[in-house]
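What follows is one structure encoded as structure tokens, with my remarks underneath.
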Amino acid sequence: MEEVVEGKDYSFPAEEEKILALWDSLDAFKEQLRRSEGKPEYIFYDGPPFATGLPHYGHILAGTLKDIVTRYACSTGRHVSRRFGWDCHGLPVEYEIDKKLGIKSRDDVLAMGIDKYNEECRSIVMRYSKEWEVTVRRLGRWIDFENDYKTLDPSFMESVWWVFKQLHEKGLVYRGFKVMPFSTACSTSLSNFEAGLNYKDVDDPAVMVAFPIKAAGGAAAGAVIEGSQLVAWTTTPWTLPSNLALCVHPELTYVQVKDPAKGTVYIVAEACLAALPGVKDPAKGTVYIVAEARLAALPGAVKDPAKGTVYIVAEARLAALPGAVKDPAKGTVYIVAEARLAALPGAVPKAKKGGDKKKGKEGEAAAAAVPASFELLAKFQGAELPKKGGDKKKGKEGEAGAAPAGFELLAKFQGAELVGAAYEPLFPYFADHTTAFRVVADGYVTDDSGTGVVHQAPAFGEDDYRVCLANGVIAKGEGLPCPIDLNGRFTAEVTDFAGKYVKDADKEIIANIKAAGRLVDHASLNHSYPFCWRSDTPLIYRAVPSWFVKVEAIKERLLANNEVTYWVPSYVKEKRFHNWLEGAHDWAISRSRFWGTAIPIWASEDVWFWGTPIPIWASEDGEEIRVIGSIQELEEIAGRKVDDLHRHFIDDITIPSSRGKGLLRRIDDVFDCWFESGSMPYGQLHYPFENKELFEANFPADFVAEGLDQTRGWFYTLMVLSTALFDKPAFKNLVCNGLVLAADGKKMSKRLKNYPDPTEDPTEVIDKYGADALRLYLINSPVVRAETLRFREEGVFGVVKDVFLPWYNAYRFLVQNVRRWELETGETVNPGTTLDAGLEALAAAADSSEQQVAGGAVLDRWIAAAVRSLTAYVRAEMEGYRLYTVVPRLVAFIDQLTNIYVRYNRKRLKGYRLYTVVPRLVSFIDQLTNIYVRYNRKRLKLTNIYVRYNRKRLKGGKGRCDCLSALTTLFHVLLTVTKVMAPFTPFICETMYRNLRAGLVAAQQQQGNAAAAAAAEVPESVHWCDMPAVEQEREGDGRIQASVGRMQAVIEAGRGIREKHNRPLKQPLRRVVVVHPDPDFLADITGELAQYVTSELNVLALETCADPLAYAELSAVPDWQGLGKRLGKDMGKVAAAVKGLTMDDILAFEKSGSIELAGYTLAEGDIKVVRSFKPPAGVAPGEVDAAGDGEVLVVLDLAQQDDLVEQGLARELVNRYQKLRKKAGLTVTDVVELYYAPAAAAAAAAAAAAADGGSVPALLTKIIEGQASYLSEAFGRPLQALAAKPDSSVVIAQELQSIGGDENGASFVAVLAAAPGSSAAAAAAAAGSVQQMNLQ
């Protein structure tokens, strides 16, 4: 394996660039497709974006989701074709050209020429395609750009024609009017989905207009209503010139009331009386009539919060009400109940501690007094109001709806009794419509706002059109009053306002109505209003002639097909999408535009609609139309070659009428681009003209993914067309992601610069942290569950810091130790093709004393079980498309790998039992024979000490097999993780895999021809590898994973106790006691796991206790969240019963797993048993403490003793020499001798030491002698006094050091020495640390 750099020197973005170059050299994506040919097809549909804009984080998120799922599918034995698609038609493209060329209206396009206009559109559709390709490629997504599909391709357009003809032949296409959201800036209608993209809060005029009844007509109410004025309310005054009817609700109650002052009689819904003049305003003398419950809504009406009383006063007299006070600083007048005055911010100074001690009325008055900072303006008893509940008289006279004094209630009617009444037209423009200007009824009218009477302008309201059509006010196919052109201006029919933009005409229309005496009220309303998502101008609703797909006719099949699909998350399917389908209306699929797939309808004559020629109607006696379904069909009819299906290539083609009515000409319209995107399953394959067998064998698709907004867009159009064509859904599985917002929670805006751009600034995000980090950050977030994500750059950095660097360091640790093994032993580490094979080979090659070692170490078994569990989990969750559960588990596993397995096995992985044997033995013999024996014959006793100390290690023992077992295990764990993680983080996995593969291939090539041949079959890319298969759980897997998990809980609890009591880890403690009732766990924790607990907590002894009461008191806590939902109001009594459980009750519950309380059976998950620490008797405070997670209790002995202090100082001593080695530039393979000298040695070693009296050296000597065994094991050789250094050895580094504190510490000079010409001396010289010293 190749050497790897330290994590701090590793650049993830730079390495990713190298991987991109590698993939190019391998042609990796195409090779993956080639290798998977013949395997079952996995069909994926990629929704086409527009290339007229740059990709944003929403695209990156969806693209990452798609890449992960398709990479996973390919790694699990499926062939996955992935073609990028482009949406090339529609309003977004035309809008860009309109801006570029200054086109303001449809007439400008016609003057320019459709051919020139369309070619301008064609020139920009792929404007940013290269930028898209660069960004998508840089993110690591594998998708085919060379074989992409475009909605402007003739092959794609031809399939769209086929789809339309199929719908027409099934009777699912018709032509009619559709009131649709209409952009006057773009002169086109929009889909409801598009209309919902850009809502804004705006102020619009809100007017009430009187419509005098001129004749009762067929109204059941009779002549009594003649002369009365129906009052209608609207926020679109510009629609009033087109009024044709008034609509009431047939079952609502309407009242007829008279104003005696004016003699005017109004008719409104009873519940809407508040909309008219009733209670007297004392300032203006105006009389309003309102429902009592709505008094507080009137101008000048204020409510006393203490009493609930509503006062009606003039605005100028507000300050006179009880509780009205004025803030002199701001001039603001506040209205509150007198008793609540103190609740106003700053109104009452903070009370003194203890409060006002005055009692009774005097104290109350003091509390209510107005502070100096506020001015009490007045107290005033409000005007008399109707008594609560109205007149207490019974029957008709005393009903709550009675009008207050001053107005006369004349009559009440049901809405149905008003139907048929005729009224005076508001404007004369369409007065000749004989079926218009009458009252109709429909259930859509409400009485929660307005007056309960809705004016009908059928050209400008979807309900208006439906109601007027149903009641015969208008008829299909006949002229419809629509005096608004495509630019939103009044036509000549409306003489008073001709040429004016509708919104600008509102004021003049209101003035006209007022002058006619028909204006009842005029106000302003702030409400949410739709704006064009491209031009950012207000939309209007306008009837347009259109071609429709009969969605309502297939609604039941849509709902049924939705049921058989699988969505993640499921609630989007079950609620949002289901509700959308349930309320779906017929789909208008035509647009009166230019750049798009021309609708293949040839009709017999042009019919004018509202002054706009839309040639879709035929003769009066039966229209003649011809729908074309293919290029070949059109060529046969036209008698010429057709290469393009855009308007300017085919609009001139005519078809002879089969009825002798001249020529059929193509209608003007083009398809809505949503119809094209919904046709992409067929268009991308040019179905049914090509790939018929491939499509039909693999439809529906296996997988689609897009954002939540597509539930009303692409997901919907896919479902509608597939249901209409094949009675099937278009897809089987769908992943729906949420929206990516800026960190401030707002929509990402380039104008506001509130997010780091993923493509424009090369220093940001991808080039700073790498694509893998961005991918994992996005996927490991709520956005994968269709929730919103507030994008934060620091979150991407967190992935690098908390996931990638630890993962990389574990990989680097393996590589370093494999390379060191091979360097020191001259043997190649052969991990085998699998973990089991590698361990079996080790066991076979080992002698009898080593055979139990291979794979037998507890953490080897644990990590192997954990990786098997991880693989099974990932495969199960990925098959369920639950990416949001997979990534957290992967991240948690990497944390376990780095912080448990690698951390706790450092000595084994370093070959601690072996790496001192061969190289150091060789070095030792060299030094022994050439230096030590030659120059120190009289001191051979030291040599005997060294050999004696290292006898077991020099023999090898189980060190060799143990080290190789650990390396083999870590190798295969990392190899498995790279394969499992490859779909998620393709770059770093490829980097690691390539180096691991190199080690595997090199080892196999040394095993002979057969192994070399096998090595050649090892895939060159991790993305060509199969996902690891699920292995059956082995005996003991569950137990070892549970025990290690508990062990880690013990270690973390122990560390917490140390930190709490300021006991650093370097200071040994006497013992730790683990309390838990599970005998298996206690056996594990005192057996194979004991060494890790004692090492990580630095304790001398580990004890266990199975009696939970020895160190703990038990208490029970209910699961409030889970039980609360189940028990409802009984939760309180059950919770009390749980808290009242005795210790014996709790023990019995733990044993049985259930308990009866307050009439309910509670199981293990319903109650949490908490263990609280109970200190042992006779222990001084501070000498023992405990902590736990509610399951395991950890008791730590904190008492300080001299021998423990000495051991702690020995650990510090080792640390000082290790740091000095690093400063000297030494590696683990560089052999040095270690010496020490008194701190004064650098100046005058002997004299200073004698003068010092030996106090400091005495402590140092005590530590070195008392901890000799530990130090020899740590250093691999004894630590000697400087006097023992042979004259021939070279001091390569020395540094003044200290250990311990001021009261109990020692200072000394740490010295490293090596033989001249040794690797250590060379390394130190290279590092510039060779010291020329004369220390004796």
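Within each chain, counting starts at residue 1; across the structure tokens, chains are named A, B, ... in the order shown, with ligands numbered 1 upward in that order.
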Counting only C-alpha atoms, what is within 7 Å of segment 1117-1124 of chain A, bar same-chain residues fewer than 6 positions away, as a JSON list (two decimals) with N, CA, C and O atoms, in the first residue's frame?
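Result written to around.json:
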[["chain", "number", "residue", "atom", "x", "y", "z"],
["A", 1131, "MET", "N", -53.49, 9.69, 32.27],
["A", 1131, "MET", "CA", -52.04, 9.72, 32.40],
["A", 1131, "MET", "C", -51.62, 10.16, 33.80],
["A", 1131, "MET", "O", -50.66, 9.63, 34.38],
["A", 1135, "ALA", "N", -49.23, 7.97, 36.15],
["A", 1135, "ALA", "CA", -47.91, 8.52, 36.48],
["A", 1135, "ALA", "C", -47.69, 8.52, 37.98],
["A", 1135, "ALA", "O", -46.60, 8.19, 38.48],
["A", 1138, "VAL", "N", -46.88, 5.03, 39.05],
["A", 1138, "VAL", "CA", -45.51, 4.64, 38.67],
["A", 1138, "VAL", "C", -44.51, 5.23, 39.65],
["A", 1138, "VAL", "O", -43.59, 4.55, 40.14],
["A", 1139, "LYS", "N", -44.68, 6.50, 39.98],
["A", 1139, "LYS", "CA", -43.74, 7.15, 40.89],
["A", 1139, "LYS", "C", -43.84, 6.58, 42.30],
["A", 1139, "LYS", "O", -42.90, 6.69, 43.09],
["A", 1166, "ASP", "N", -42.70, 1.33, 28.77],
["A", 1166, "ASP", "CA", -43.57, 2.35, 29.38],
["A", 1166, "ASP", "C", -42.97, 2.96, 30.64],
["A", 1166, "ASP", "O", -43.40, 4.02, 31.07],
["A", 1167, "ILE", "N", -42.04, 2.25, 31.25],
["A", 1167, "ILE", "CA", -41.44, 2.72, 32.51],
["A", 1167, "ILE", "C", -39.93, 2.67, 32.39],
["A", 1167, "ILE", "O", -39.36, 1.67, 31.92],
["A", 1168, "LYS", "N", -39.27, 3.72, 32.81],
["A", 1168, "LYS", "CA", -37.82, 3.74, 32.86],
["A", 1168, "LYS", "C", -37.38, 3.63, 34.32],
["A", 1168, "LYS", "O", -37.83, 4.40, 35.17],
["A", 1169, "VAL", "N", -36.53, 2.64, 34.59],
["A", 1169, "VAL", "CA", -36.01, 2.44, 35.93],
["A", 1169, "VAL", "C", -34.71, 3.23, 36.07],
["A", 1169, "VAL", "O", -33.77, 3.05, 35.29]]
Worksheet item: Hey, what's within 8 Å of His686 of chain A if we count only C-alpha atoms and toss same-chain stuff fewer than 4 positions away? As number ranges by chain, please?
Response: A: 155-156, 158-159, 682, 690-691
Discussion item. My list of candidates is A:Gln32, A:Ser781, A:Thr969, A:Ser592. Which is closest to Pro888 of chain A when distances are computed with only C-alpha atoms?
Written reply: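 Looking at the shortest contact to Pro888 of chain A, the residue is A:Ser781.
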Fill in: Selection near Val179 of chain A, 7 Å with only C-alpha atoms, sequence-local residues under 4 positions removed, as an MDAnalysis selection string
chainID A and resid 459:462 541:544
Residues of the last selection are to be written out with N, CA and C atoms, as a tab-separated table (two decimals), in the first residue's frame.
chain	number	residue	atom	x	y	z
A	459	ALA	N	-65.79	35.27	-17.14
A	459	ALA	CA	-64.50	35.21	-17.83
A	459	ALA	C	-63.33	35.36	-16.86
A	460	PHE	N	-63.60	35.70	-15.59
A	460	PHE	CA	-62.51	36.03	-14.67
A	460	PHE	C	-62.58	35.28	-13.34
A	461	GLY	N	-63.32	34.22	-13.30
A	461	GLY	CA	-63.37	33.42	-12.09
A	461	GLY	C	-63.76	32.00	-12.42
A	462	GLU	N	-63.01	31.05	-11.85
A	462	GLU	CA	-63.28	29.64	-12.17
A	462	GLU	C	-64.68	29.25	-11.71
A	541	TYR	N	-57.09	36.16	-13.10
A	541	TYR	CA	-57.74	34.93	-13.56
A	541	TYR	C	-58.57	35.29	-14.78
A	542	ARG	N	-58.38	34.52	-15.84
A	542	ARG	CA	-58.96	34.88	-17.13
A	542	ARG	C	-59.34	33.62	-17.89
A	543	ALA	N	-60.48	33.65	-18.53
A	543	ALA	CA	-60.90	32.51	-19.34
A	543	ALA	C	-60.10	32.51	-20.64
A	544	VAL	N	-59.54	31.36	-20.94
A	544	VAL	CA	-58.80	31.21	-22.19
A	544	VAL	C	-59.30	29.95	-22.88
Worksheet entry | DSSP-assigned strand (DSSP E) members of segment 1079-1121 of chain A, reported as a list of chain:residue names | A:Val1099, A:Leu1100, A:Ala1101, A:Leu1102, A:Glu1103, A:Thr1104, A:Cys1105, A:Ala1112, A:Glu1113, A:Leu1114, A:Ser1115, A:Ala1116, A:Val1117, A:Pro1118
Discussion item. What's around Lys732 of chain A at 12 Å? Count only C-alpha atoms, leave out sequence neighbours fewer than 6 positions away in its own chain, and write the answer as a list in words.
Written reply: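 Final neighbour list, sorted by chain and number: Tyr42, Ile43, Phe44, Tyr45, Asn561, Asn562, Glu563, Val564, Thr565, Tyr566, Trp567, Val568, Asn698, Phe699, Pro700, Ala701, Asp702, Phe703, Val704, Ala705, Phe715, Leu718, Met719, Gly880 and Tyr881 of chain A.
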Serialized selection, N, CA and C atoms, as a PDB file, in the first residue's frame:
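Wrote result.pdb, looks like this:
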ATOM      1  N   TYR A  42     -32.889  -1.715 -13.827  1.00  0.00           N
ATOM      2  CA  TYR A  42     -33.430  -0.844 -12.788  1.00  0.00           C
ATOM      3  C   TYR A  42     -33.688   0.498 -13.460  1.00  0.00           C
ATOM      4  N   ILE A  43     -34.959   0.837 -13.622  1.00  0.00           N
ATOM      5  CA  ILE A  43     -35.333   2.014 -14.407  1.00  0.00           C
ATOM      6  C   ILE A  43     -35.483   3.222 -13.492  1.00  0.00           C
ATOM      7  N   PHE A  44     -34.789   4.252 -13.870  1.00  0.00           N
ATOM      8  CA  PHE A  44     -34.796   5.509 -13.121  1.00  0.00           C
ATOM      9  C   PHE A  44     -35.162   6.642 -14.070  1.00  0.00           C
ATOM     10  N   TYR A  45     -36.122   7.465 -13.661  1.00  0.00           N
ATOM     11  CA  TYR A  45     -36.515   8.634 -14.452  1.00  0.00           C
ATOM     12  C   TYR A  45     -35.921   9.883 -13.811  1.00  0.00           C
ATOM     13  N   ASN A 561     -54.155   4.035  -8.411  1.00  0.00           N
ATOM     14  CA  ASN A 561     -52.754   3.847  -8.806  1.00  0.00           C
ATOM     15  C   ASN A 561     -51.806   4.468  -7.799  1.00  0.00           C
ATOM     16  N   ASN A 562     -52.218   5.555  -7.195  1.00  0.00           N
ATOM     17  CA  ASN A 562     -51.381   6.153  -6.163  1.00  0.00           C
ATOM     18  C   ASN A 562     -51.209   5.198  -4.986  1.00  0.00           C
ATOM     19  N   GLU A 563     -52.230   4.426  -4.688  1.00  0.00           N
ATOM     20  CA  GLU A 563     -52.172   3.515  -3.557  1.00  0.00           C
ATOM     21  C   GLU A 563     -51.100   2.444  -3.729  1.00  0.00           C
ATOM     22  N   VAL A 564     -50.805   2.043  -4.946  1.00  0.00           N
ATOM     23  CA  VAL A 564     -49.841   0.956  -5.157  1.00  0.00           C
ATOM     24  C   VAL A 564     -48.415   1.462  -5.266  1.00  0.00           C
ATOM     25  N   THR A 565     -48.220   2.767  -5.153  1.00  0.00           N
ATOM     26  CA  THR A 565     -46.859   3.315  -5.167  1.00  0.00           C
ATOM     27  C   THR A 565     -46.319   3.394  -3.743  1.00  0.00           C
ATOM     28  N   TYR A 566     -44.994   3.497  -3.640  1.00  0.00           N
ATOM     29  CA  TYR A 566     -44.320   3.576  -2.341  1.00  0.00           C
ATOM     30  C   TYR A 566     -43.561   4.892  -2.281  1.00  0.00           C
ATOM     31  N   TRP A 567     -43.878   5.704  -1.275  1.00  0.00           N
ATOM     32  CA  TRP A 567     -43.270   7.031  -1.148  1.00  0.00           C
ATOM     33  C   TRP A 567     -42.481   7.121   0.158  1.00  0.00           C
ATOM     34  N   VAL A 568     -41.399   7.864   0.098  1.00  0.00           N
ATOM     35  CA  VAL A 568     -40.640   8.217   1.294  1.00  0.00           C
ATOM     36  C   VAL A 568     -40.485   9.738   1.296  1.00  0.00           C
ATOM     37  N   ASN A 698     -40.289  -2.859 -18.689  1.00  0.00           N
ATOM     38  CA  ASN A 698     -39.754  -2.197 -17.496  1.00  0.00           C
ATOM     39  C   ASN A 698     -40.564  -0.978 -17.076  1.00  0.00           C
ATOM     40  N   PHE A 699     -41.839  -1.012 -17.357  1.00  0.00           N
ATOM     41  CA  PHE A 699     -42.718   0.088 -16.947  1.00  0.00           C
ATOM     42  C   PHE A 699     -43.723  -0.467 -15.949  1.00  0.00           C
ATOM     43  N   PRO A 700     -43.933   0.180 -14.831  1.00  0.00           N
ATOM     44  CA  PRO A 700     -43.462   1.493 -14.383  1.00  0.00           C
ATOM     45  C   PRO A 700     -41.974   1.491 -14.001  1.00  0.00           C
ATOM     46  N   ALA A 701     -41.443   2.701 -13.856  1.00  0.00           N
ATOM     47  CA  ALA A 701     -40.053   2.858 -13.436  1.00  0.00           C
ATOM     48  C   ALA A 701     -39.897   2.412 -11.996  1.00  0.00           C
ATOM     49  N   ASP A 702     -38.683   2.013 -11.660  1.00  0.00           N
ATOM     50  CA  ASP A 702     -38.407   1.601 -10.283  1.00  0.00           C
ATOM     51  C   ASP A 702     -38.319   2.782  -9.328  1.00  0.00           C
ATOM     52  N   PHE A 703     -37.867   3.944  -9.844  1.00  0.00           N
ATOM     53  CA  PHE A 703     -37.521   5.004  -8.899  1.00  0.00           C
ATOM     54  C   PHE A 703     -37.546   6.375  -9.549  1.00  0.00           C
ATOM     55  N   VAL A 704     -38.122   7.337  -8.837  1.00  0.00           N
ATOM     56  CA  VAL A 704     -38.009   8.755  -9.187  1.00  0.00           C
ATOM     57  C   VAL A 704     -37.755   9.530  -7.899  1.00  0.00           C
ATOM     58  N   ALA A 705     -37.221  10.718  -8.027  1.00  0.00           N
ATOM     59  CA  ALA A 705     -36.973  11.567  -6.857  1.00  0.00           C
ATOM     60  C   ALA A 705     -36.937  13.018  -7.287  1.00  0.00           C
ATOM     61  N   PHE A 715     -44.580  14.947 -10.474  1.00  0.00           N
ATOM     62  CA  PHE A 715     -45.169  13.704  -9.972  1.00  0.00           C
ATOM     63  C   PHE A 715     -46.615  13.567 -10.461  1.00  0.00           C
ATOM     64  N   LEU A 718     -46.778  12.922 -14.368  1.00  0.00           N
ATOM     65  CA  LEU A 718     -46.408  11.530 -14.631  1.00  0.00           C
ATOM     66  C   LEU A 718     -47.573  10.596 -14.344  1.00  0.00           C
ATOM     67  N   MET A 719     -48.219  10.809 -13.195  1.00  0.00           N
ATOM     68  CA  MET A 719     -49.302   9.917 -12.775  1.00  0.00           C
ATOM     69  C   MET A 719     -50.516  10.044 -13.688  1.00  0.00           C
ATOM     70  N   GLY A 880     -35.697  -0.060   1.319  1.00  0.00           N
ATOM     71  CA  GLY A 880     -36.870   0.716   1.675  1.00  0.00           C
ATOM     72  C   GLY A 880     -36.739   2.191   1.374  1.00  0.00           C
ATOM     73  N   TYR A 881     -35.633   2.586   0.705  1.00  0.00           N
ATOM     74  CA  TYR A 881     -35.384   3.967   0.287  1.00  0.00           C
ATOM     75  C   TYR A 881     -35.365   4.940   1.470  1.00  0.00           C
TER      76      TYR A 881
END
Item to complete: Return the single residue from A:Val231, A:Leu975, A:Leu1082, A:Ala185 that is closest to Leu814 of chain A, with distances computed using only C-alpha atoms.
Response: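 Nearest candidate to Leu814 of chain A out of A:Val231, A:Leu975, A:Leu1082, A:Ala185: A:Leu975.
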Worksheet item: So which residues touch Phe813 of chain A within 12 Å, counting only C-alpha atoms, skipping near sequence neighbours fewer than 2 positions away, as an NGL selection string?
Response: :A and (3-7 or 805-811 or 815-820 or 897-898 or 901-903 or 905-910 or 966-967 or 970-971 or 974)
Save the residues we just selected, C-alpha atoms, as a PDB file, in the first residue's frame?
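Written out: out28.pdb:
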ATOM      1  CA  GLU A   3       2.084   5.827   2.175  1.00  0.00           C
ATOM      2  CA  VAL A   4      -0.578   8.334   3.227  1.00  0.00           C
ATOM      3  CA  VAL A   5      -0.192  11.784   4.724  1.00  0.00           C
ATOM      4  CA  GLU A   6      -1.401  12.975   8.088  1.00  0.00           C
ATOM      5  CA  GLY A   7      -4.981  14.121   8.346  1.00  0.00           C
ATOM      6  CA  LEU A 805     -11.066  13.043   9.510  1.00  0.00           C
ATOM      7  CA  PRO A 806     -11.624  10.296  12.123  1.00  0.00           C
ATOM      8  CA  TRP A 807     -12.462   7.848   9.337  1.00  0.00           C
ATOM      9  CA  TYR A 808      -9.374   8.870   7.371  1.00  0.00           C
ATOM     10  CA  ASN A 809      -7.164   8.625  10.460  1.00  0.00           C
ATOM     11  CA  ALA A 810      -8.346   5.061  11.099  1.00  0.00           C
ATOM     12  CA  TYR A 811      -7.490   4.220   7.493  1.00  0.00           C
ATOM     13  CA  VAL A 815      -1.751   1.777   6.258  1.00  0.00           C
ATOM     14  CA  GLN A 816       1.062   2.978   8.505  1.00  0.00           C
ATOM     15  CA  ASN A 817       1.140  -0.210  10.526  1.00  0.00           C
ATOM     16  CA  VAL A 818       0.882  -2.497   7.527  1.00  0.00           C
ATOM     17  CA  ARG A 819       3.779  -0.661   5.914  1.00  0.00           C
ATOM     18  CA  ARG A 820       5.788  -0.813   9.134  1.00  0.00           C
ATOM     19  CA  LEU A 897     -14.596   2.132  14.503  1.00  0.00           C
ATOM     20  CA  THR A 898     -12.336   5.065  15.245  1.00  0.00           C
ATOM     21  CA  TYR A 901     -11.760  -0.375  17.839  1.00  0.00           C
ATOM     22  CA  VAL A 902      -8.744   1.627  16.665  1.00  0.00           C
ATOM     23  CA  ARG A 903      -8.281   3.525  19.904  1.00  0.00           C
ATOM     24  CA  ASN A 905      -6.320  -1.693  19.793  1.00  0.00           C
ATOM     25  CA  ARG A 906      -3.442   0.645  19.070  1.00  0.00           C
ATOM     26  CA  LYS A 907      -0.877  -1.623  20.667  1.00  0.00           C
ATOM     27  CA  ARG A 908      -2.104  -4.686  18.814  1.00  0.00           C
ATOM     28  CA  LEU A 909      -2.313  -2.870  15.487  1.00  0.00           C
ATOM     29  CA  LYS A 910       1.170  -1.513  15.960  1.00  0.00           C
ATOM     30  CA  ALA A 966      -5.869  -7.117  14.230  1.00  0.00           C
ATOM     31  CA  LEU A 967      -4.499  -5.763  10.940  1.00  0.00           C
ATOM     32  CA  LEU A 970      -9.238  -3.669  10.447  1.00  0.00           C
ATOM     33  CA  PHE A 971      -8.352  -4.110   6.766  1.00  0.00           C
ATOM     34  CA  LEU A 974     -12.411  -0.624   6.264  1.00  0.00           C
TER      35      LEU A 974
END
Worksheet item: Out of segment 1088-1127 of chain A, which residues get alpha helix (DSSP H) from DSSP, as a PyMOL selection string?
Response: chain A and resi 1090-1097+1120-1127
Fill in: Spatial neighbours of Ser1319 of chain A, 10 Å, only C-alpha atoms, chain gap at least 6 places, as JSON, numbers by chain
{"A": [1226, 1227, 1229, 1230, 1231, 1232, 1325]}
Discussion item. Give me, as a ChimeraX atom specification, all polymer residues having an atom no more than 9 Å from Cys468 of chain A, counting only C-alpha atoms and skipping those fewer than 5 positions away in the same chain.
Written reply: /A:244-245,436,440,456-458,463,473-475
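Among A:Leu1000, A:Ala21, A:Cys121, A:Met1143, the residue with the shortest atom-to-atom distance to Lys99 of chain A, counting only C-alpha atoms, is A:Cys121.
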Worksheet item: Could you state the separation of atom CA of Leu1147 of chain A and atom CA of Leu1193 of chain A in Å, given to one decimal place?
Response: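 Atom CA of Leu1193 of chain A lies at a distance of 15.8 Å from atom CA of Leu1147 of chain A.
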